$ cat input18.txt   # compact mmCIF, C-alpha atoms and all ligand atoms
# COMPACT_ATOMS: atom_id res chain seq x y z
CA MET A 1 -44.81 -142.56 -236.31
CA ASP A 2 -47.67 -140.12 -235.81
CA ILE A 3 -47.79 -137.26 -233.37
CA ASN A 4 -50.15 -134.55 -232.32
CA LYS A 5 -50.06 -131.58 -234.73
CA ASN A 6 -48.86 -129.17 -232.02
CA GLN A 7 -45.99 -131.33 -230.95
CA LYS A 8 -42.34 -130.34 -231.39
CA LYS A 9 -40.66 -131.18 -234.69
CA ILE A 10 -37.23 -132.72 -234.43
CA THR A 11 -34.78 -131.13 -236.88
CA LEU A 12 -32.00 -133.24 -238.37
CA ALA A 13 -29.18 -131.32 -240.10
CA VAL A 14 -27.28 -133.13 -242.84
CA PRO A 15 -24.33 -131.96 -244.93
CA LYS A 16 -24.75 -131.01 -248.58
CA GLY A 17 -22.46 -132.50 -251.18
CA ARG A 18 -21.15 -135.95 -251.88
CA ILE A 19 -22.28 -137.48 -248.58
CA LEU A 20 -25.86 -137.33 -249.90
CA GLU A 21 -25.08 -140.22 -252.24
CA GLU A 22 -24.36 -142.41 -249.23
CA LEU A 23 -27.19 -140.97 -247.19
CA SER A 24 -29.79 -142.01 -249.75
CA PRO A 25 -29.36 -145.81 -249.28
CA LEU A 26 -28.93 -145.37 -245.52
CA PHE A 27 -32.20 -143.43 -245.22
CA SER A 28 -34.02 -146.02 -247.36
CA ARG A 29 -32.70 -148.87 -245.23
CA ILE A 30 -33.76 -147.32 -241.92
CA GLY A 31 -37.10 -146.03 -243.20
CA ILE A 32 -36.59 -142.27 -243.42
CA ILE A 33 -38.11 -140.92 -246.63
CA PRO A 34 -37.50 -137.19 -247.17
CA GLU A 35 -39.61 -135.02 -249.49
CA ALA A 36 -39.13 -135.68 -253.21
CA ASP A 37 -36.43 -133.13 -254.08
CA PHE A 38 -34.21 -133.74 -251.05
CA PHE A 39 -31.60 -135.65 -253.06
CA ASP A 40 -31.76 -133.24 -255.99
CA GLU A 41 -28.49 -131.23 -255.83
CA ASN A 42 -30.09 -128.54 -258.01
CA SER A 43 -32.97 -127.88 -255.64
CA ARG A 44 -32.60 -124.60 -253.72
CA LYS A 45 -34.92 -125.79 -250.98
CA LEU A 46 -33.30 -126.00 -247.54
CA ILE A 47 -35.90 -127.55 -245.22
CA PHE A 48 -37.61 -130.81 -246.04
CA ASN A 49 -40.42 -132.75 -244.41
CA SER A 50 -40.19 -136.50 -244.16
CA ASN A 51 -42.46 -139.53 -243.87
CA ILE A 52 -41.99 -139.23 -240.10
CA ASP A 53 -44.45 -136.56 -238.96
CA PHE A 54 -42.20 -135.08 -236.31
CA LEU A 55 -38.96 -135.13 -238.34
CA GLU A 56 -37.79 -132.36 -240.65
CA ILE A 57 -34.41 -132.40 -242.39
CA VAL A 58 -32.23 -129.40 -243.27
CA LYS A 59 -29.35 -129.47 -245.77
CA VAL A 60 -26.45 -127.18 -244.82
CA ARG A 61 -22.66 -127.01 -245.25
CA SER A 62 -20.73 -129.62 -243.30
CA PHE A 63 -19.31 -127.20 -240.69
CA ASP A 64 -22.74 -125.61 -240.29
CA VAL A 65 -24.25 -128.98 -239.28
CA ALA A 66 -22.17 -128.81 -236.10
CA THR A 67 -22.91 -125.11 -235.59
CA PHE A 68 -26.67 -125.62 -235.95
CA VAL A 69 -26.61 -128.53 -233.49
CA LYS A 70 -24.40 -126.62 -231.03
CA TYR A 71 -26.84 -123.68 -230.93
CA ALA A 72 -30.01 -125.84 -231.06
CA GLY A 73 -31.01 -124.70 -234.55
CA ALA A 74 -31.06 -128.43 -235.18
CA ASP A 75 -31.63 -131.17 -232.60
CA LEU A 76 -29.59 -133.79 -234.41
CA GLY A 77 -26.92 -133.73 -237.08
CA ILE A 78 -24.95 -136.04 -239.33
CA CYS A 79 -21.40 -134.85 -239.11
CA GLY A 80 -17.91 -136.06 -240.05
CA LEU A 81 -15.28 -136.56 -237.36
CA ASP A 82 -13.15 -133.97 -239.16
CA VAL A 83 -15.76 -131.32 -238.31
CA ILE A 84 -16.65 -132.75 -234.88
CA LYS A 85 -13.04 -132.52 -233.74
CA GLU A 86 -12.87 -128.85 -234.72
CA PHE A 87 -15.54 -128.21 -232.06
CA ALA A 88 -15.24 -128.57 -228.27
CA ASP A 89 -16.35 -131.80 -226.57
CA GLU A 90 -18.98 -129.87 -224.60
CA ASP A 91 -20.63 -128.37 -227.72
CA PHE A 92 -22.85 -131.44 -228.36
CA PHE A 93 -23.03 -135.21 -227.79
CA THR A 94 -21.34 -137.38 -230.40
CA THR A 95 -23.03 -140.76 -230.70
CA LEU A 96 -23.38 -143.46 -233.37
CA ASN A 97 -20.76 -143.98 -236.05
CA LEU A 98 -22.88 -144.21 -239.21
CA ASN A 99 -20.05 -145.65 -241.28
CA ILE A 100 -20.63 -143.32 -244.19
CA GLY A 101 -18.37 -140.58 -245.49
CA ASN A 102 -15.33 -142.72 -244.77
CA CYS A 103 -12.09 -140.93 -245.63
CA ARG A 104 -9.06 -139.56 -243.80
CA LEU A 105 -7.62 -136.23 -242.77
CA SER A 106 -4.00 -136.09 -243.87
CA ILE A 107 -0.98 -133.89 -244.33
CA ALA A 108 -0.13 -133.51 -248.01
CA GLY A 109 2.53 -131.68 -249.91
CA SER A 110 3.71 -130.96 -253.41
CA GLN A 111 5.33 -133.96 -255.05
CA ASN A 112 8.08 -131.60 -256.20
CA LEU A 113 9.11 -130.80 -252.62
CA ILE A 114 12.81 -131.50 -252.38
CA ASP A 115 12.61 -131.94 -248.62
CA ASN A 116 9.51 -133.75 -247.42
CA ASN A 117 10.87 -134.36 -243.96
CA TRP A 118 8.32 -132.27 -242.08
CA GLN A 119 9.20 -133.81 -238.69
CA THR A 120 12.59 -132.09 -238.61
CA LYS A 121 11.10 -128.59 -238.91
CA SER A 122 10.43 -126.31 -235.93
CA HIS A 123 7.97 -124.08 -237.76
CA LEU A 124 5.63 -124.78 -240.68
CA ARG A 125 3.02 -122.84 -242.59
CA ILE A 126 -0.07 -124.99 -243.17
CA ALA A 127 -3.18 -124.26 -245.24
CA THR A 128 -6.32 -126.01 -244.04
CA LYS A 129 -10.02 -125.86 -243.22
CA TYR A 130 -9.11 -127.48 -239.88
CA PRO A 131 -7.06 -125.03 -237.75
CA ASN A 132 -7.72 -126.74 -234.39
CA ILE A 133 -6.94 -130.33 -235.40
CA THR A 134 -3.92 -129.12 -237.37
CA SER A 135 -2.32 -126.96 -234.71
CA LYS A 136 -2.92 -129.63 -232.04
CA PHE A 137 -1.39 -132.33 -234.20
CA PHE A 138 1.74 -130.38 -235.07
CA ALA A 139 2.09 -129.15 -231.47
CA SER A 140 2.05 -132.79 -230.35
CA GLN A 141 5.02 -133.29 -232.66
CA GLY A 142 6.82 -130.25 -231.21
CA ILE A 143 6.27 -128.15 -234.33
CA GLN A 144 4.88 -124.62 -234.27
CA THR A 145 2.47 -123.77 -237.06
CA GLU A 146 1.20 -120.72 -238.81
CA ILE A 147 -2.25 -121.74 -240.02
CA ILE A 148 -3.73 -120.26 -243.19
CA LYS A 149 -7.45 -120.92 -242.86
CA LEU A 150 -9.23 -121.59 -246.15
CA ASN A 151 -12.76 -122.81 -246.83
CA GLY A 152 -12.17 -125.05 -249.84
CA ALA A 153 -9.92 -125.93 -252.75
CA ILE A 154 -7.05 -126.16 -250.27
CA GLU A 155 -4.77 -127.80 -252.83
CA ILE A 156 -4.43 -124.46 -254.64
CA ALA A 157 -2.63 -123.01 -251.61
CA SER A 158 0.16 -125.50 -252.16
CA LYS A 159 0.28 -124.90 -255.91
CA LEU A 160 0.55 -121.15 -255.36
CA GLN A 161 3.22 -121.69 -252.69
CA LEU A 162 1.16 -120.14 -249.96
CA CYS A 163 2.17 -122.87 -247.53
CA ASP A 164 4.65 -125.67 -246.81
CA TYR A 165 1.93 -128.33 -246.52
CA ILE A 166 -1.82 -128.65 -246.49
CA VAL A 167 -4.06 -130.62 -244.13
CA ASP A 168 -7.14 -131.83 -245.93
CA LEU A 169 -9.52 -134.73 -246.48
CA VAL A 170 -8.35 -137.51 -248.74
CA SER A 171 -10.86 -139.99 -250.10
CA SER A 172 -9.97 -141.48 -253.49
CA GLY A 173 -6.71 -139.49 -253.64
CA ARG A 174 -7.73 -138.12 -257.03
CA THR A 175 -7.66 -134.44 -256.06
CA LEU A 176 -4.10 -134.73 -254.73
CA LYS A 177 -2.96 -136.65 -257.80
CA GLU A 178 -4.47 -134.18 -260.23
CA ASN A 179 -2.69 -131.35 -258.42
CA ASN A 180 0.71 -133.10 -258.31
CA MET A 181 0.58 -133.61 -254.58
CA ILE A 182 1.30 -136.56 -252.32
CA GLU A 183 -0.25 -137.71 -249.07
CA ILE A 184 2.45 -137.63 -246.40
CA ILE A 185 0.80 -138.90 -243.21
CA LYS A 186 -2.73 -139.56 -241.98
CA ILE A 187 -3.80 -137.54 -238.93
CA ILE A 188 -7.22 -139.17 -238.30
CA ASP A 189 -9.67 -141.58 -239.92
CA VAL A 190 -12.95 -139.84 -240.67
CA SER A 191 -16.51 -141.15 -240.82
CA SER A 192 -19.89 -139.55 -240.20
CA HIS A 193 -21.44 -139.69 -236.74
CA LEU A 194 -24.80 -138.72 -235.30
CA ILE A 195 -24.48 -135.63 -233.07
CA ILE A 196 -27.14 -134.40 -230.66
CA ASN A 197 -27.87 -131.06 -229.02
CA LYS A 198 -27.55 -131.54 -225.26
CA ASN A 199 -30.73 -129.70 -224.29
CA SER A 200 -32.77 -131.38 -227.02
CA LEU A 201 -31.78 -134.77 -225.67
CA LYS A 202 -33.03 -133.71 -222.22
CA ASN A 203 -36.18 -131.91 -223.36
CA PHE A 204 -37.33 -134.12 -226.25
CA ASN A 205 -35.83 -137.38 -225.11
CA TYR A 206 -38.70 -139.57 -226.34
CA LEU A 207 -38.68 -138.17 -229.89
CA ILE A 208 -34.89 -138.00 -230.18
CA ASN A 209 -34.56 -141.59 -229.02
CA GLN A 210 -37.02 -142.74 -231.67
CA ILE A 211 -34.78 -141.23 -234.34
CA ILE A 212 -31.57 -142.57 -232.77
CA SER A 213 -33.07 -146.07 -232.65
CA LEU A 214 -33.70 -145.92 -236.41
CA PHE A 215 -30.01 -145.17 -237.05
CA ASP A 216 -28.93 -147.77 -234.48
CA GLU A 217 -30.10 -150.60 -236.72
C1 LIG B 1 -12.73 -132.67 -250.47
C2 LIG B 1 -11.34 -132.43 -249.92
C3 LIG B 1 -10.44 -132.71 -251.10
C4 LIG B 1 -11.22 -133.77 -251.86
C5 LIG B 1 -10.62 -135.14 -251.60
O1 LIG B 1 -13.11 -131.52 -251.15
O2 LIG B 1 -11.22 -131.12 -249.40
O3 LIG B 1 -10.25 -131.55 -251.88
O4 LIG B 1 -12.57 -133.76 -251.38
O5 LIG B 1 -11.32 -136.16 -252.27
P1 LIG B 1 -10.57 -137.18 -253.25
O6 LIG B 1 -9.40 -137.74 -252.46
O7 LIG B 1 -11.60 -138.25 -253.53
O8 LIG B 1 -10.15 -136.46 -254.48
P2 LIG B 1 -14.60 -131.22 -251.59
O9 LIG B 1 -14.94 -131.99 -252.82
O10 LIG B 1 -15.50 -131.50 -250.42
O11 LIG B 1 -14.54 -129.69 -251.95
P3 LIG B 1 -13.68 -128.50 -251.33
O12 LIG B 1 -12.29 -128.64 -251.87
O13 LIG B 1 -14.37 -127.28 -251.85
O14 LIG B 1 -13.72 -128.61 -249.84
$ encode --input "input18.txt" --output "structure tokens" --more "lines below"
Ligand code: PRP
Amino acid sequence: MDINKNQKKITLAVPKGRILEELSPLFSRIGIIPEADFFDENSRKLIFNSNIDFLEIVKVRSFDVATFVKYAGADLGICGLDVIKEFADEDFFTTLNLNIGNCRLSIAGSQNLIDNNWQTKSHLRIATKYPNITSKFFASQGIQTEIIKLNGAIEIASKLQLCDYIVDLVSSGRTLKENNMIEIIKIIDVSSHLIINKNSLKNFNYLINQIISLFDE
């Protein structure tokens, strides 16, 4: 896909970290080839060109993918439902399910908890990266929550008795197991979706649709 040199570049934001392992075969299959060191976790580079003249790719933290798309720093983003649901529906369009990054967002607790019957409580203290999903979920169960917002390594909050439970992503279950914790109940299934800035879709419809059609294989 060639374009005039002065034409707008479409920016796709993707999350750093383990999702890149799944992104590599997906990009190959749909014909997006980023610059050489894109998949190198040690590279400090943040913005990458691609084989598509009008497409550049930025690697940012998972929550920042949604923030960049919301504020039009990026036109498109690859973003997990866990992050998407922390934002408001009107912040961006959520489109294709890319079927990568499959995991779940669950309540977990210490396996030494004598009383794991969270449903009978009227108030719980929860550590999580996901304050909105968490407070909504517990409110729907008639439970008030005090949320302790952390940015990572949530399991430590349970170990250090900072909270009654945690709400966090579970994939293989290894992190919970290695920290003597158990998954109690799943809140949502998570997979990565393509999100789109609303104005970009209006203003650069032709270019954006070319990229969407690649993902919509
Ligand atoms: C995520 C999540 C869990 C872990 C779950 O953390 O927050 O800690 O992965 O995966 P598992 O079930 O396969 O063990 P991540 O590795 O993204 O780092 P973080 O704890 O810093 O958020």
$ residues_around --input "input18.txt" --residues "Met181 in chain A" --least-positions-apart "2" --cutoff "6 Å" --atoms "only C-alpha atoms" --output "short mmCIF file (atom, residue, chain, number, x, y, z; two decimals) with C-alpha atoms, in the coordinates of the input"
data_model
loop_
_atom_site.label_atom_id
_atom_site.label_comp_id
_atom_site.auth_asym_id
_atom_site.auth_seq_id
_atom_site.Cartn_x
_atom_site.Cartn_y
_atom_site.Cartn_z
CA GLY A 109 2.53 -131.68 -249.91
CA SER A 110 3.71 -130.96 -253.41
CA GLN A 111 5.33 -133.96 -255.05
CA LEU A 176 -4.10 -134.73 -254.73
CA LYS A 177 -2.96 -136.65 -257.80
CA ASN A 179 -2.69 -131.35 -258.42
#
$ residues_near_ligand --input "input18.txt" --ligand "ligand LIG 1 (chain B)" --cutoff "9 Å" --atoms "all atoms listed in the file" --output "list in words"
Gly17, Arg18, Cys103, Arg104, Leu105, Thr128, Lys129, Asn151, Gly152, Ala153, Ile154, Glu155, Val167, Asp168, Leu169, Val170, Ser171, Ser172, Gly173, Arg174, Thr175, Leu176, Lys177 and Glu178 of chain A
$ write_last_selection --input "input18.txt" --atoms "C-alpha atoms" --output "compact mmCIF listing (two decimals), in the coordinates of the input"
# COMPACT_ATOMS: atom_id res chain seq x y z
CA GLY A 17 -22.46 -132.50 -251.18
CA ARG A 18 -21.15 -135.95 -251.88
CA CYS A 103 -12.09 -140.93 -245.63
CA ARG A 104 -9.06 -139.56 -243.80
CA LEU A 105 -7.62 -136.23 -242.77
CA THR A 128 -6.32 -126.01 -244.04
CA LYS A 129 -10.02 -125.86 -243.22
CA ASN A 151 -12.76 -122.81 -246.83
CA GLY A 152 -12.17 -125.05 -249.84
CA ALA A 153 -9.92 -125.93 -252.75
CA ILE A 154 -7.05 -126.16 -250.27
CA GLU A 155 -4.77 -127.80 -252.83
CA VAL A 167 -4.06 -130.62 -244.13
CA ASP A 168 -7.14 -131.83 -245.93
CA LEU A 169 -9.52 -134.73 -246.48
CA VAL A 170 -8.35 -137.51 -248.74
CA SER A 171 -10.86 -139.99 -250.10
CA SER A 172 -9.97 -141.48 -253.49
CA GLY A 173 -6.71 -139.49 -253.64
CA ARG A 174 -7.73 -138.12 -257.03
CA THR A 175 -7.66 -134.44 -256.06
CA LEU A 176 -4.10 -134.73 -254.73
CA LYS A 177 -2.96 -136.65 -257.80
CA GLU A 178 -4.47 -134.18 -260.23
$ closest_atom_pairs --input "input18.txt" --of "range 191-213 of chain A" --to "range 31-54 of chain A" --cutoff "12 Å" --atoms "only C-alpha atoms" --output "Markdown table"
| residue | atom | partner | partner_atom | distance |
| --- | --- | --- | --- | --- |
| A:Phe204 | CA | A:Phe54 | CA | 11.2 |
| A:Tyr206 | CA | A:Phe54 | CA | 11.5 |
| A:Leu207 | CA | A:Phe54 | CA | 7.9 |
| A:Ile208 | CA | A:Phe54 | CA | 10.0 |
| A:Gln210 | CA | A:Phe54 | CA | 10.3 |
| A:Ile211 | CA | A:Ile32 | CA | 9.3 |
| A:Ile212 | CA | A:Ile32 | CA | 11.8 |
| A:Ser213 | CA | A:Gly31 | CA | 11.3 |
$ residues_around --input "input18.txt" --residues "Lys85 in chain A" --least-positions-apart "2" --cutoff "12 Å" --atoms "all atoms listed in the file" --output "number ranges by chain"
A: 63, 66, 79-83, 87-94, 105, 129-134, 136-137, 187-193, 195
$ atom_distance --input "input18.txt" --atom1 "CA of Glu146 in chain A" --atom2 "CA of Val60 in chain A"
29.0 Å
$ residues_around --input "input18.txt" --residues "Leu23 in chain A" --least-positions-apart "5" --cutoff "10 Å" --atoms "only C-alpha atoms" --output "short mmCIF file (atom, residue, chain, number, x, y, z; two decimals) with C-alpha atoms, in the frame of the given file"
data_model
loop_
_atom_site.label_atom_id
_atom_site.label_comp_id
_atom_site.auth_asym_id
_atom_site.auth_seq_id
_atom_site.Cartn_x
_atom_site.Cartn_y
_atom_site.Cartn_z
CA VAL A 14 -27.28 -133.13 -242.84
CA PRO A 15 -24.33 -131.96 -244.93
CA ARG A 18 -21.15 -135.95 -251.88
CA SER A 28 -34.02 -146.02 -247.36
CA ARG A 29 -32.70 -148.87 -245.23
CA PHE A 39 -31.60 -135.65 -253.06
CA ILE A 78 -24.95 -136.04 -239.33
CA LEU A 98 -22.88 -144.21 -239.21
CA ILE A 100 -20.63 -143.32 -244.19
CA GLY A 101 -18.37 -140.58 -245.49
#
$ atom_distance --input "input18.txt" --atom1 "CA of Ala127 in chain A" --atom2 "CA of Ile19 in chain A"
23.5 Å
$ residues_around --input "input18.txt" --residues "Asn203 in chain A" --least-positions-apart "6" --cutoff "12 Å" --atoms "all atoms listed in the file" --output "list in words"
Lys8, Ile10, Ala72, Asp75, Ile196, Asn197 and Asn209 of chain A
$ write_last_selection --input "input18.txt" --atoms "C-alpha atoms" --output "compact mmCIF listing (two decimals), keeping the file's coordinate frame"
# COMPACT_ATOMS: atom_id res chain seq x y z
CA LYS A 8 -42.34 -130.34 -231.39
CA ILE A 10 -37.23 -132.72 -234.43
CA ALA A 72 -30.01 -125.84 -231.06
CA ASP A 75 -31.63 -131.17 -232.60
CA ILE A 196 -27.14 -134.40 -230.66
CA ASN A 197 -27.87 -131.06 -229.02
CA ASN A 209 -34.56 -141.59 -229.02
$ atom_distance --input "input18.txt" --atom1 "CA of Lys149 in chain A" --atom2 "CA of Cys163 in chain A"
10.9 Å
$ closest_residue --input "input18.txt" --among "A:Leu162, A:Ile30, A:Ser135, A:Lys186" --to "Leu150 in chain A" --atoms "all atoms listed in the file"
A:Leu162
$ closest_residue --input "input18.txt" --among "A:Lys9, A:Lys70, A:His123, A:Lys59" --to "Asn199 in chain A" --atoms "only C-alpha atoms"
A:Lys70
$ axis_aligned_box --input "input18.txt" --around "range 155-167 of chain A" --padding-each-side "8 Å" --output "AutoDock Vina command-line options"
--center_x -0.1 --center_y -125.4 --center_z -250.0 --size_x 25.4 --size_y 26.5 --size_z 27.8
